[in-house]
file model-v1.pdb (PDB, C-alpha atoms, pLDDT in the B column)
ATOM      1  CA  MET M   3      86.423 121.017  66.313  1.00 70.00           C
ATOM      2  CA  ASP M   4      83.704 120.112  68.818  1.00 84.00           C
ATOM      3  CA  LEU M   5      85.349 118.591  71.895  1.00 91.00           C
ATOM      4  CA  THR M   6      82.054 117.573  73.519  1.00 93.00           C
ATOM      5  CA  PRO M   7      82.411 113.897  72.434  1.00 93.00           C
ATOM      6  CA  ILE M   8      85.863 113.783  74.057  1.00 94.00           C
ATOM      7  CA  PHE M   9      84.527 115.201  77.323  1.00 95.00           C
ATOM      8  CA  LEU M  10      81.591 112.786  77.232  1.00 95.00           C
ATOM      9  CA  SER M  11      83.965 109.857  76.722  1.00 95.00           C
ATOM     10  CA  LEU M  12      86.164 110.973  79.619  1.00 95.00           C
ATOM     11  CA  LYS M  13      83.134 111.469  81.858  1.00 96.00           C
ATOM     12  CA  LEU M  14      81.770 108.032  80.932  1.00 96.00           C
ATOM     13  CA  ALA M  15      85.146 106.368  81.539  1.00 95.00           C
ATOM     14  CA  CYS M  16      85.613 108.084  84.920  1.00 96.00           C
ATOM     15  CA  VAL M  17      82.122 107.262  86.211  1.00 97.00           C
ATOM     16  CA  THR M  18      82.305 103.666  84.966  1.00 96.00           C
ATOM     17  CA  THR M  19      85.738 103.096  86.510  1.00 96.00           C
ATOM     18  CA  LEU M  20      84.609 104.521  89.851  1.00 97.00           C
ATOM     19  CA  ILE M  21      81.486 102.343  89.944  1.00 97.00           C
ATOM     20  CA  LEU M  22      83.396  99.232  88.939  1.00 96.00           C
ATOM     21  CA  PHE M  23      86.098  99.929  91.507  1.00 94.00           C
ATOM     22  CA  VAL M  24      83.412  99.917  94.218  1.00 94.00           C
ATOM     23  CA  ILE M  25      81.515  96.828  93.067  1.00 95.00           C
ATOM     24  CA  GLY M  26      84.408  94.986  91.409  1.00 93.00           C
ATOM     25  CA  LEU M  27      86.588  94.601  94.520  1.00 93.00           C
ATOM     26  CA  PRO M  28      84.111  92.589  96.599  1.00 92.00           C
ATOM     27  CA  ILE M  29      83.183  90.480  93.563  1.00 94.00           C
ATOM     28  CA  ALA M  30      86.853  89.732  92.824  1.00 94.00           C
ATOM     29  CA  TYR M  31      87.525  88.930  96.483  1.00 91.00           C
ATOM     30  CA  TRP M  32      84.563  86.562  96.628  1.00 92.00           C
ATOM     31  CA  LEU M  33      85.547  84.826  93.393  1.00 93.00           C
ATOM     32  CA  SER M  34      89.119  84.371  94.618  1.00 89.00           C
ATOM     33  CA  GLY M  35      87.912  82.119  97.424  1.00 84.00           C
ATOM     34  CA  ARG M  36      87.220  78.426  97.284  1.00 83.00           C
ATOM     35  CA  SER M  37      85.738  77.376  93.964  1.00 83.00           C
ATOM     36  CA  SER M  38      82.118  76.295  93.640  1.00 87.00           C
ATOM     37  CA  ILE M  39      79.547  75.762  90.902  1.00 90.00           C
ATOM     38  CA  PRO M  40      77.716  79.065  91.588  1.00 89.00           C
ATOM     39  CA  LYS M  41      81.035  80.939  91.467  1.00 91.00           C
ATOM     40  CA  LEU M  42      81.989  79.292  88.171  1.00 91.00           C
ATOM     41  CA  ILE M  43      78.630  80.263  86.652  1.00 93.00           C
ATOM     42  CA  ILE M  44      78.894  83.881  87.836  1.00 93.00           C
ATOM     43  CA  GLU M  45      82.501  84.134  86.667  1.00 92.00           C
ATOM     44  CA  ALA M  46      81.479  82.805  83.253  1.00 93.00           C
ATOM     45  CA  ILE M  47      78.728  85.441  83.031  1.00 93.00           C
ATOM     46  CA  ILE M  48      81.172  88.201  84.050  1.00 93.00           C
ATOM     47  CA  THR M  49      83.690  87.010  81.441  1.00 92.00           C
ATOM     48  CA  MET M  50      81.164  86.863  78.579  1.00 92.00           C
ATOM     49  CA  PRO M  51      81.748  90.495  77.430  1.00 90.00           C
ATOM     50  CA  LEU M  52      85.346  89.514  76.597  1.00 88.00           C
ATOM     51  CA  VAL M  53      84.216  87.053  73.934  1.00 89.00           C
ATOM     52  CA  LEU M  54      80.790  88.356  72.878  1.00 88.00           C
ATOM     53  CA  PRO M  55      80.577  90.860  70.017  1.00 88.00           C
ATOM     54  CA  PRO M  56      79.759  94.246  71.596  1.00 89.00           C
ATOM     55  CA  SER M  57      76.742  94.597  69.327  1.00 87.00           C
ATOM     56  CA  VAL M  58      75.229  91.414  70.797  1.00 90.00           C
ATOM     57  CA  LEU M  59      75.453  92.712  74.351  1.00 90.00           C
ATOM     58  CA  GLY M  60      74.227  96.135  73.256  1.00 89.00           C
ATOM     59  CA  PHE M  61      71.278  94.612  71.399  1.00 92.00           C
ATOM     60  CA  TYR M  62      70.056  92.626  74.404  1.00 91.00           C
ATOM     61  CA  LEU M  63      70.499  95.599  76.712  1.00 90.00           C
ATOM     62  CA  LEU M  64      68.491  97.661  74.226  1.00 90.00           C
ATOM     63  CA  LEU M  65      65.717  95.076  74.296  1.00 90.00           C
ATOM     64  CA  ALA M  66      65.794  94.698  78.082  1.00 89.00           C
ATOM     65  CA  PHE M  67      65.542  98.398  78.874  1.00 89.00           C
ATOM     66  CA  SER M  68      63.246  99.458  76.049  1.00 87.00           C
ATOM     67  CA  PRO M  69      60.003 101.031  77.357  1.00 84.00           C
ATOM     68  CA  LYS M  70      58.152  98.539  75.160  1.00 85.00           C
ATOM     69  CA  ASN M  71      59.395  95.611  77.267  1.00 84.00           C
ATOM     70  CA  ALA M  72      58.505  94.677  80.838  1.00 84.00           C
ATOM     71  CA  LEU M  73      61.707  95.763  82.617  1.00 84.00           C
ATOM     72  CA  GLY M  74      62.118  99.048  80.792  1.00 83.00           C
ATOM     73  CA  LYS M  75      58.417  99.867  81.195  1.00 85.00           C
ATOM     74  CA  TRP M  76      58.545  99.086  84.926  1.00 87.00           C
ATOM     75  CA  LEU M  77      61.600 101.300  85.460  1.00 85.00           C
ATOM     76  CA  GLN M  78      59.974 104.132  83.569  1.00 84.00           C
ATOM     77  CA  GLU M  79      56.601 103.913  85.299  1.00 82.00           C
ATOM     78  CA  HIS M  80      57.821 103.417  88.870  1.00 83.00           C
ATOM     79  CA  PHE M  81      61.129 105.303  88.970  1.00 82.00           C
ATOM     80  CA  ASP M  82      60.971 107.519  85.871  1.00 84.00           C
ATOM     81  CA  ILE M  83      64.248 105.948  84.703  1.00 83.00           C
ATOM     82  CA  HIS M  84      64.942 106.043  80.961  1.00 85.00           C
ATOM     83  CA  LEU M  85      68.024 103.986  80.124  1.00 89.00           C
ATOM     84  CA  VAL M  86      67.654 103.734  76.347  1.00 89.00           C
ATOM     85  CA  PHE M  87      69.283 106.599  74.428  1.00 90.00           C
ATOM     86  CA  SER M  88      70.494 108.307  77.611  1.00 92.00           C
ATOM     87  CA  PHE M  89      73.838 108.879  79.304  1.00 93.00           C
ATOM     88  CA  GLU M  90      72.661 106.781  82.262  1.00 92.00           C
ATOM     89  CA  GLY M  91      72.122 103.917  79.826  1.00 92.00           C
ATOM     90  CA  LEU M  92      75.669 104.337  78.566  1.00 94.00           C
ATOM     91  CA  ILE M  93      76.939 104.056  82.136  1.00 95.00           C
ATOM     92  CA  LEU M  94      74.996 100.859  82.779  1.00 93.00           C
ATOM     93  CA  ALA M  95      76.133  99.300  79.510  1.00 93.00           C
ATOM     94  CA  SER M  96      79.745 100.307  80.170  1.00 94.00           C
ATOM     95  CA  VAL M  97      79.664  98.875  83.697  1.00 95.00           C
ATOM     96  CA  ILE M  98      78.473  95.518  82.368  1.00 93.00           C
ATOM     97  CA  TYR M  99      80.816  95.537  79.369  1.00 93.00           C
ATOM     98  CA  SER M 100      83.940  96.560  81.300  1.00 94.00           C
ATOM     99  CA  LEU M 101      83.300  94.473  84.433  1.00 95.00           C
ATOM    100  CA  PRO M 102      85.781  91.677  83.526  1.00 94.00           C
ATOM    101  CA  PHE M 103      88.561  94.240  83.016  1.00 94.00           C
ATOM    102  CA  MET M 104      88.206  95.251  86.656  1.00 95.00           C
ATOM    103  CA  VAL M 105      87.446  91.873  88.211  1.00 95.00           C
ATOM    104  CA  SER M 106      89.942  89.582  86.474  1.00 93.00           C
ATOM    105  CA  PRO M 107      93.243  91.357  87.412  1.00 92.00           C
ATOM    106  CA  VAL M 108      92.101  91.924  91.007  1.00 94.00           C
ATOM    107  CA  LYS M 109      90.904  88.344  91.413  1.00 93.00           C
ATOM    108  CA  SER M 110      94.220  87.049  90.078  1.00 92.00           C
ATOM    109  CA  ALA M 111      96.110  89.286  92.531  1.00 92.00           C
ATOM    110  CA  PHE M 112      94.055  88.002  95.473  1.00 91.00           C
ATOM    111  CA  ILE M 113      94.674  84.382  94.442  1.00 91.00           C
ATOM    112  CA  HIS M 114      98.445  84.890  94.268  1.00 89.00           C
ATOM    113  CA  LEU M 115      98.715  86.477  97.712  1.00 89.00           C
ATOM    114  CA  PRO M 116     100.267  84.108 100.288  1.00 87.00           C
ATOM    115  CA  VAL M 117      97.591  82.558 102.491  1.00 83.00           C
ATOM    116  CA  SER M 118      99.807  83.244 105.514  1.00 84.00           C
ATOM    117  CA  ILE M 119      99.131  86.991 105.221  1.00 86.00           C
ATOM    118  CA  LYS M 120      95.428  86.450 105.812  1.00 82.00           C
ATOM    119  CA  GLU M 121      95.986  83.862 108.540  1.00 81.00           C
ATOM    120  CA  VAL M 122      98.339  86.122 110.511  1.00 86.00           C
ATOM    121  CA  SER M 123      95.801  88.932 110.334  1.00 84.00           C
ATOM    122  CA  TYR M 124      93.037  86.692 111.671  1.00 82.00           C
ATOM    123  CA  THR M 125      95.365  85.458 114.423  1.00 84.00           C
ATOM    124  CA  MET M 126      95.876  89.070 115.510  1.00 84.00           C
ATOM    125  CA  GLY M 127      92.130  89.473 115.927  1.00 81.00           C
ATOM    126  CA  LYS M 128      91.381  91.369 112.722  1.00 81.00           C
ATOM    127  CA  SER M 129      87.957  90.913 111.125  1.00 83.00           C
ATOM    128  CA  LYS M 130      87.486  89.857 107.500  1.00 79.00           C
ATOM    129  CA  PHE M 131      86.758  93.449 106.488  1.00 80.00           C
ATOM    130  CA  GLU M 132      89.780  94.810 108.391  1.00 82.00           C
ATOM    131  CA  THR M 133      91.959  92.120 106.832  1.00 85.00           C
ATOM    132  CA  LEU M 134      90.711  92.989 103.358  1.00 84.00           C
ATOM    133  CA  TRP M 135      91.011  96.756 103.782  1.00 84.00           C
ATOM    134  CA  HIS M 136      94.216  97.068 105.827  1.00 84.00           C
ATOM    135  CA  VAL M 137      96.182  93.954 104.826  1.00 87.00           C
ATOM    136  CA  LEU M 138      95.174  92.487 101.472  1.00 88.00           C
ATOM    137  CA  LEU M 139      94.409  95.585  99.405  1.00 89.00           C
ATOM    138  CA  PRO M 140      97.696  97.387 100.266  1.00 88.00           C
ATOM    139  CA  ASN M 141      99.533  94.306  98.987  1.00 89.00           C
ATOM    140  CA  ILE M 142      97.866  94.393  95.566  1.00 90.00           C
ATOM    141  CA  LYS M 143      98.082  98.138  94.864  1.00 88.00           C
ATOM    142  CA  SER M 144      99.738  97.653  91.481  1.00 87.00           C
ATOM    143  CA  SER M 145      97.010  95.221  90.377  1.00 90.00           C
ATOM    144  CA  LEU M 146      94.317  97.629  91.528  1.00 92.00           C
ATOM    145  CA  LEU M 147      95.913 100.423  89.523  1.00 90.00           C
ATOM    146  CA  THR M 148      96.275  98.195  86.467  1.00 90.00           C
ATOM    147  CA  ALA M 149      92.637  97.085  86.697  1.00 93.00           C
ATOM    148  CA  ALA M 150      91.430 100.678  87.009  1.00 93.00           C
ATOM    149  CA  VAL M 151      93.465 101.794  83.994  1.00 92.00           C
ATOM    150  CA  LEU M 152      92.357  98.850  81.858  1.00 90.00           C
ATOM    151  CA  THR M 153      88.745  99.615  82.746  1.00 94.00           C
ATOM    152  CA  PHE M 154      89.165 103.311  81.983  1.00 94.00           C
ATOM    153  CA  ALA M 155      90.939 102.728  78.665  1.00 91.00           C
ATOM    154  CA  HIS M 156      88.481 100.043  77.586  1.00 91.00           C
ATOM    155  CA  THR M 157      85.491 102.254  78.362  1.00 93.00           C
ATOM    156  CA  LEU M 158      87.108 105.179  76.573  1.00 91.00           C
ATOM    157  CA  GLY M 159      87.254 103.204  73.336  1.00 88.00           C
ATOM    158  CA  GLU M 160      83.840 101.511  73.453  1.00 90.00           C
ATOM    159  CA  PHE M 161      81.786 101.664  70.282  1.00 91.00           C
ATOM    160  CA  GLY M 162      79.325  98.848  69.614  1.00 89.00           C
ATOM    161  CA  VAL M 163      77.684  98.728  73.036  1.00 91.00           C
ATOM    162  CA  VAL M 164      77.329 102.494  73.444  1.00 91.00           C
ATOM    163  CA  LEU M 165      76.003 102.885  69.904  1.00 90.00           C
ATOM    164  CA  MET M 166      73.331 100.231  70.404  1.00 91.00           C
ATOM    165  CA  ILE M 167      71.944 101.461  73.715  1.00 91.00           C
ATOM    166  CA  GLY M 168      72.864 105.156  73.504  1.00 90.00           C
ATOM    167  CA  GLY M 169      72.421 105.928  69.857  1.00 87.00           C
ATOM    168  CA  ASN M 170      74.064 109.030  68.449  1.00 90.00           C
ATOM    169  CA  ILE M 171      72.642 112.062  70.261  1.00 91.00           C
ATOM    170  CA  PRO M 172      75.011 115.074  70.197  1.00 92.00           C
ATOM    171  CA  GLY M 173      75.882 116.301  73.676  1.00 91.00           C
ATOM    172  CA  VAL M 174      74.141 113.335  75.323  1.00 92.00           C
ATOM    173  CA  THR M 175      75.360 109.977  73.997  1.00 93.00           C
ATOM    174  CA  LYS M 176      77.663 110.882  71.114  1.00 93.00           C
ATOM    175  CA  VAL M 177      81.004 109.860  72.591  1.00 95.00           C
ATOM    176  CA  ALA M 178      84.345 110.128  70.810  1.00 94.00           C
ATOM    177  CA  SER M 179      84.301 106.659  69.234  1.00 93.00           C
ATOM    178  CA  ILE M 180      80.945 107.399  67.616  1.00 94.00           C
ATOM    179  CA  ALA M 181      82.156 110.845  66.524  1.00 94.00           C
ATOM    180  CA  ILE M 182      85.090 109.159  64.772  1.00 94.00           C
ATOM    181  CA  TYR M 183      82.735 106.777  62.994  1.00 93.00           C
ATOM    182  CA  ASP M 184      80.475 109.641  61.919  1.00 93.00           C
ATOM    183  CA  SER M 185      83.438 111.623  60.593  1.00 93.00           C
ATOM    184  CA  VAL M 186      84.676 108.672  58.559  1.00 94.00           C
ATOM    185  CA  GLU M 187      81.162 108.041  57.218  1.00 92.00           C
ATOM    186  CA  SER M 188      80.979 111.657  56.044  1.00 92.00           C
ATOM    187  CA  MET M 189      84.558 111.397  54.687  1.00 93.00           C
ATOM    188  CA  ASP M 190      85.747 114.084  57.104  1.00 93.00           C
ATOM    189  CA  TYR M 191      89.055 112.341  57.726  1.00 93.00           C
ATOM    190  CA  ALA M 192      90.689 115.395  59.266  1.00 93.00           C
ATOM    191  CA  ASN M 193      88.075 115.502  62.041  1.00 92.00           C
ATOM    192  CA  ALA M 194      88.297 111.735  62.530  1.00 93.00           C
ATOM    193  CA  ASN M 195      92.058 112.080  62.830  1.00 94.00           C
ATOM    194  CA  TYR M 196      91.739 114.773  65.520  1.00 93.00           C
ATOM    195  CA  TYR M 197      89.429 112.662  67.655  1.00 94.00           C
ATOM    196  CA  SER M 198      91.539 109.532  67.140  1.00 94.00           C
ATOM    197  CA  LEU M 199      94.759 111.340  67.979  1.00 95.00           C
ATOM    198  CA  ILE M 200      93.301 112.762  71.194  1.00 94.00           C
ATOM    199  CA  LEU M 201      92.033 109.344  72.336  1.00 93.00           C
ATOM    200  CA  PHE M 202      95.320 107.700  71.385  1.00 93.00           C
ATOM    201  CA  SER M 203      97.327 110.316  73.290  1.00 94.00           C
ATOM    202  CA  ILE M 204      95.188 110.103  76.433  1.00 92.00           C
ATOM    203  CA  THR M 205      95.311 106.313  76.506  1.00 90.00           C
ATOM    204  CA  PHE M 206      99.049 106.175  75.806  1.00 92.00           C
ATOM    205  CA  VAL M 207      99.900 108.670  78.560  1.00 91.00           C
ATOM    206  CA  ILE M 208      97.747 106.842  81.125  1.00 89.00           C
ATOM    207  CA  VAL M 209      99.107 103.390  80.290  1.00 87.00           C
ATOM    208  CA  LEU M 210     102.699 104.666  80.260  1.00 89.00           C
ATOM    209  CA  ALA M 211     102.179 106.328  83.652  1.00 85.00           C
ATOM    210  CA  VAL M 212     100.913 103.034  85.093  1.00 84.00           C
ATOM    211  CA  PHE M 213     103.963 101.150  83.798  1.00 84.00           C
ATOM    212  CA  ILE M 214     106.251 103.748  85.356  1.00 85.00           C
ATOM    213  CA  LEU M 215     104.441 103.687  88.711  1.00 79.00           C
ATOM    214  CA  ASN M 216     104.388  99.876  88.802  1.00 76.00           C
ATOM    215  CA  ARG M 217     108.093  99.781  87.973  1.00 78.00           C
ATOM    216  CA  LYS M 218     108.877 102.183  90.815  1.00 71.00           C
ATOM    217  CA  SER M 219     106.663 100.194  93.160  1.00 66.00           C
ATOM    218  CA  ALA M 220     108.448  96.962  92.257  1.00 62.00           C
ATOM    219  CA  LYS M 221     111.866  98.539  92.863  1.00 61.00           C
ATOM    220  CA  SER M 222     111.043 100.301  96.130  1.00 53.00           C
ATOM    221  CA  PRO M 223     111.358  97.251  98.455  1.00 47.00           C
ATOM    222  CA  LEU M 224     114.897  96.663  97.178  1.00 39.00           C
ATOM    223  CA  GLU M 225     116.050 100.264  97.540  1.00 38.00           C
TER     224      GLU M 225
END
call {"tool": "encode", "arguments": {"input": "model-v1.pdb", "output": "structure tokens"}}
result
Amino acid sequence: MDLTPIFLSLKLACVTTLILFVIGLPIAYWLSGRSSIPKLIIEAIITMPLVLPPSVLGFYLLLAFSPKNALGKWLQEHFDIHLVFSFEGLILASVIYSLPFMVSPVKSAFIHLPVSIKEVSYTMGKSKFETLWHVLLPNIKSSLLTAAVLTFAHTLGEFGVVLMIGGNIPGVTKVASIAIYDSVESMDYANANYYSLILFSITFVIVLAVFILNRKSAKSPLE
């Protein structure tokens, strides 16, 4: 059995989770502040992938970054960037599609932190960045871990979005979910079962590990 689709899926999930961890934290922190119309609009846009069919998002990304359209042509001519039917395109699509899975849990954790924690930090002369990095983030470690795992697992199982913008190029964009679909289409159920079982096992182990770590973290202050 060719394990390349599995490795591609793991690589895509790791890169996407890392990127979203970097950009998702400041977005979640900003959204957790006082509500405003611009924030509501941006939060609605971020949440859209949760309710939109993946094929819809993939279709519009395909149109946007196609060399035949203005944006895709500009990227290709000025930066030699080809996002359609490339692994880089899969990363971009996955970042957009999995963004709410990173932002929502972290934003909720920030909102539920006592305001006094932030106020005490400011009183002690800490800057906003120092307060975020040294005070707030350590208090939401379990939410950060949960958000990262949800993002990783969601990206690992993507199908519609990656198929639309990445196509089905072996060794380049043919991730495990597409390999499963291809195997079923060709009635190779044994191969489809192998890929499915590997993805199921990886996801189960990761999610179980997070539950165990969060349980230990919740018990530690009482021990």
call {"tool": "closest_atom_pairs", "arguments": {"input": "model-v1.pdb", "of": "stretch 28-129 of chain M", "to": "stretch 134-142 of chain M", "cutoff": "9 Å", "atoms": "all atoms listed in the file", "output": "tab-separated table"}}
result
residue	atom	partner	partner_atom	distance
M:Tyr31	CA	M:Leu134	CA	8.6
M:Val108	CA	M:Ile142	CA	7.8
M:Ala111	CA	M:Ile142	CA	6.2
M:Phe112	CA	M:Ile142	CA	7.4
M:Leu115	CA	M:Leu138	CA	7.9
M:Ile119	CA	M:Val137	CA	7.6
M:Lys120	CA	M:Leu138	CA	7.4
M:Ser123	CA	M:Val137	CA	7.5
M:Ser129	CA	M:Leu134	CA	8.5
call {"tool": "write_last_selection", "arguments": {"input": "model-v1.pdb", "atoms": "C-alpha atoms", "output": "PDB file, in the coordinates of the input"}}
result
ATOM      1  CA  TYR M  31      87.525  88.930  96.483  1.00 91.00           C
ATOM      2  CA  VAL M 108      92.101  91.924  91.007  1.00 94.00           C
ATOM      3  CA  ALA M 111      96.110  89.286  92.531  1.00 92.00           C
ATOM      4  CA  PHE M 112      94.055  88.002  95.473  1.00 91.00           C
ATOM      5  CA  LEU M 115      98.715  86.477  97.712  1.00 89.00           C
ATOM      6  CA  ILE M 119      99.131  86.991 105.221  1.00 86.00           C
ATOM      7  CA  LYS M 120      95.428  86.450 105.812  1.00 82.00           C
ATOM      8  CA  SER M 123      95.801  88.932 110.334  1.00 84.00           C
ATOM      9  CA  SER M 129      87.957  90.913 111.125  1.00 83.00           C
TER      10      SER M 129
END
call {"tool": "atom_distance", "arguments": {"input": "model-v1.pdb", "atom1": "atom CA of M:Leu210", "atom2": "atom CA of M:Ser179"}}
result
21.5 Å
call {"tool": "closest_residue", "arguments": {"input": "model-v1.pdb", "among": "M:Leu5, M:Val174, M:Tyr99, M:Gly169", "to": "M:Val53", "atoms": "only C-alpha atoms"}}
result
M:Tyr99
call {"tool": "atom_distance", "arguments": {"input": "model-v1.pdb", "atom1": "atom CA of M:Ala192", "atom2": "atom CA of M:Ile208"}}
result
24.5 Å
call {"tool": "closest_residue", "arguments": {"input": "model-v1.pdb", "among": "M:Phe103, M:Tyr196, M:Phe23, M:Tyr191", "to": "M:Leu152", "atoms": "all atoms listed in the file"}}
result
M:Phe103
call {"tool": "resolve_selection", "arguments": {"input": "model-v1.pdb", "expression": "the PyMOL selection byres ((chain M and resi 154-161) around 8)", "output": "list of chain:residue names"}}
result
M:Ser11, M:Leu12, M:Leu14, M:Ala15, M:Cys16, M:Thr18, M:Thr19, M:Pro56, M:Ser96, M:Ser100, M:Phe103, M:Ala150, M:Val151, M:Leu152, M:Thr153, M:Gly162, M:Val163, M:Val164, M:Leu165, M:Ala178, M:Ser179, M:Ile180, M:Leu201, M:Thr205
call {"tool": "residues_around", "arguments": {"input": "model-v1.pdb", "residues": "stretch 68-82 of chain M", "least_positions_apart": "5", "cutoff": "12 Å", "atoms": "only C-alpha atoms", "output": "number ranges by chain"}}
result
M: 60-63, 87-88, 91, 166-168
call {"tool": "residues_around", "arguments": {"input": "model-v1.pdb", "residues": "M:Pro7", "least_positions_apart": "5", "cutoff": "8 Å", "atoms": "only C-alpha atoms", "output": "JSON, numbers by chain"}}
result
{"M": [172, 173, 176, 177, 178, 181]}
call {"tool": "atom_distance", "arguments": {"input": "model-v1.pdb", "atom1": "atom CA of M:Gly127", "atom2": "atom CA of M:Ser144"}}
result
26.9 Å
call {"tool": "axis_aligned_box", "arguments": {"input": "model-v1.pdb", "around": "stretch 81-84 of chain M", "padding_each_side": "5 Å", "output": "lines of an AutoDock Vina configuration file"}}
result
center_x = 63.0
center_y = 106.4
center_z = 85.0
size_x = 14.0
size_y = 12.2
size_z = 18.0
call {"tool": "closest_residue", "arguments": {"input": "model-v1.pdb", "among": "M:Ser34, M:Thr133, M:Thr148, M:Thr175", "to": "M:Leu85", "atoms": "all atoms listed in the file"}}
result
M:Thr175
call {"tool": "closest_residue", "arguments": {"input": "model-v1.pdb", "among": "M:Met104, M:Leu52, M:Val122, M:Met3", "to": "M:Asn195", "atoms": "all atoms listed in the file"}}
result
M:Met3
call {"tool": "resolve_selection", "arguments": {"input": "model-v1.pdb", "expression": "the PyMOL selection byres ((chain M and resi 29) around 12)", "output": "list in words"}}
result
Leu22, Phe23, Val24, Ile25, Gly26, Leu27, Pro28, Ala30, Tyr31, Trp32, Leu33, Ser34, Gly35, Lys41, Ile44, Glu45, Ile48, Leu101, Pro102, Met104, Val105, Ser106, Pro107, Val108, Lys109 and Phe112 of chain M
call {"tool": "closest_residue", "arguments": {"input": "model-v1.pdb", "among": "M:Tyr197, M:Phe202, M:Phe67, M:Tyr124", "to": "M:Ile8", "atoms": "only C-alpha atoms"}}
result
M:Tyr197
call {"tool": "build_atoms", "arguments": {"input": "model-v1.pdb", "residues": "stretch 27-33 of chain M", "atoms": "all heavy atoms", "output": "mmCIF file, in the coordinates of the input"}}
result
data_model
loop_
_atom_site.group_PDB
_atom_site.id
_atom_site.type_symbol
_atom_site.label_atom_id
_atom_site.label_comp_id
_atom_site.auth_asym_id
_atom_site.auth_seq_id
_atom_site.Cartn_x
_atom_site.Cartn_y
_atom_site.Cartn_z
ATOM 1 N N LEU M 27 85.705 95.136 93.474
ATOM 2 C CA LEU M 27 86.588 94.601 94.520
ATOM 3 C C LEU M 27 85.934 93.480 95.318
ATOM 4 O O LEU M 27 86.527 92.408 95.475
ATOM 5 C CB LEU M 27 87.049 95.730 95.447
ATOM 6 C CG LEU M 27 87.978 96.789 94.843
ATOM 7 C CD1 LEU M 27 88.490 97.720 95.927
ATOM 8 C CD2 LEU M 27 89.138 96.143 94.114
ATOM 9 N N PRO M 28 84.726 93.699 95.861
ATOM 10 C CA PRO M 28 84.111 92.589 96.599
ATOM 11 C C PRO M 28 83.810 91.375 95.720
ATOM 12 O O PRO M 28 83.926 90.235 96.187
ATOM 13 C CB PRO M 28 82.814 93.207 97.158
ATOM 14 C CG PRO M 28 82.578 94.443 96.375
ATOM 15 C CD PRO M 28 83.909 94.933 95.943
ATOM 16 N N ILE M 29 83.446 91.612 94.460
ATOM 17 C CA ILE M 29 83.183 90.480 93.563
ATOM 18 C C ILE M 29 84.464 89.690 93.328
ATOM 19 O O ILE M 29 84.473 88.451 93.397
ATOM 20 C CB ILE M 29 82.610 90.974 92.219
ATOM 21 C CG1 ILE M 29 81.207 91.557 92.412
ATOM 22 C CG2 ILE M 29 82.565 89.832 91.198
ATOM 23 C CD1 ILE M 29 80.626 92.182 91.163
ATOM 24 N N ALA M 30 85.565 90.398 93.060
ATOM 25 C CA ALA M 30 86.853 89.732 92.824
ATOM 26 C C ALA M 30 87.315 88.976 94.062
ATOM 27 O O ALA M 30 87.845 87.861 93.967
ATOM 28 C CB ALA M 30 87.900 90.773 92.414
ATOM 29 N N TYR M 31 87.118 89.580 95.233
ATOM 30 C CA TYR M 31 87.525 88.930 96.483
ATOM 31 C C TYR M 31 86.721 87.661 96.711
ATOM 32 O O TYR M 31 87.264 86.624 97.097
ATOM 33 C CB TYR M 31 87.343 89.902 97.648
ATOM 34 C CG TYR M 31 87.774 89.353 98.987
ATOM 35 C CD1 TYR M 31 89.099 88.997 99.219
ATOM 36 C CD2 TYR M 31 86.851 89.183 100.024
ATOM 37 C CE1 TYR M 31 89.503 88.494 100.439
ATOM 38 C CE2 TYR M 31 87.244 88.685 101.249
ATOM 39 C CZ TYR M 31 88.569 88.341 101.453
ATOM 40 O OH TYR M 31 88.964 87.833 102.663
ATOM 41 N N TRP M 32 85.420 87.736 96.450
ATOM 42 C CA TRP M 32 84.563 86.562 96.628
ATOM 43 C C TRP M 32 84.929 85.455 95.639
ATOM 44 O O TRP M 32 85.006 84.281 96.002
ATOM 45 C CB TRP M 32 83.105 86.977 96.451
ATOM 46 C CG TRP M 32 82.141 85.839 96.584
ATOM 47 C CD1 TRP M 32 81.837 85.121 97.714
ATOM 48 C CD2 TRP M 32 81.338 85.276 95.535
ATOM 49 N NE1 TRP M 32 80.903 84.162 97.435
ATOM 50 C CE2 TRP M 32 80.573 84.236 96.113
ATOM 51 C CE3 TRP M 32 81.180 85.563 94.182
ATOM 52 C CZ2 TRP M 32 79.674 83.467 95.373
ATOM 53 C CZ3 TRP M 32 80.283 84.811 93.447
ATOM 54 C CH2 TRP M 32 79.549 83.778 94.039
ATOM 55 N N LEU M 33 85.197 85.826 94.406
ATOM 56 C CA LEU M 33 85.547 84.826 93.393
ATOM 57 C C LEU M 33 86.908 84.201 93.647
ATOM 58 O O LEU M 33 87.170 83.082 93.184
ATOM 59 C CB LEU M 33 85.534 85.470 92.001
ATOM 60 C CG LEU M 33 84.168 85.857 91.428
ATOM 61 C CD1 LEU M 33 84.337 86.570 90.095
ATOM 62 C CD2 LEU M 33 83.277 84.633 91.260
#
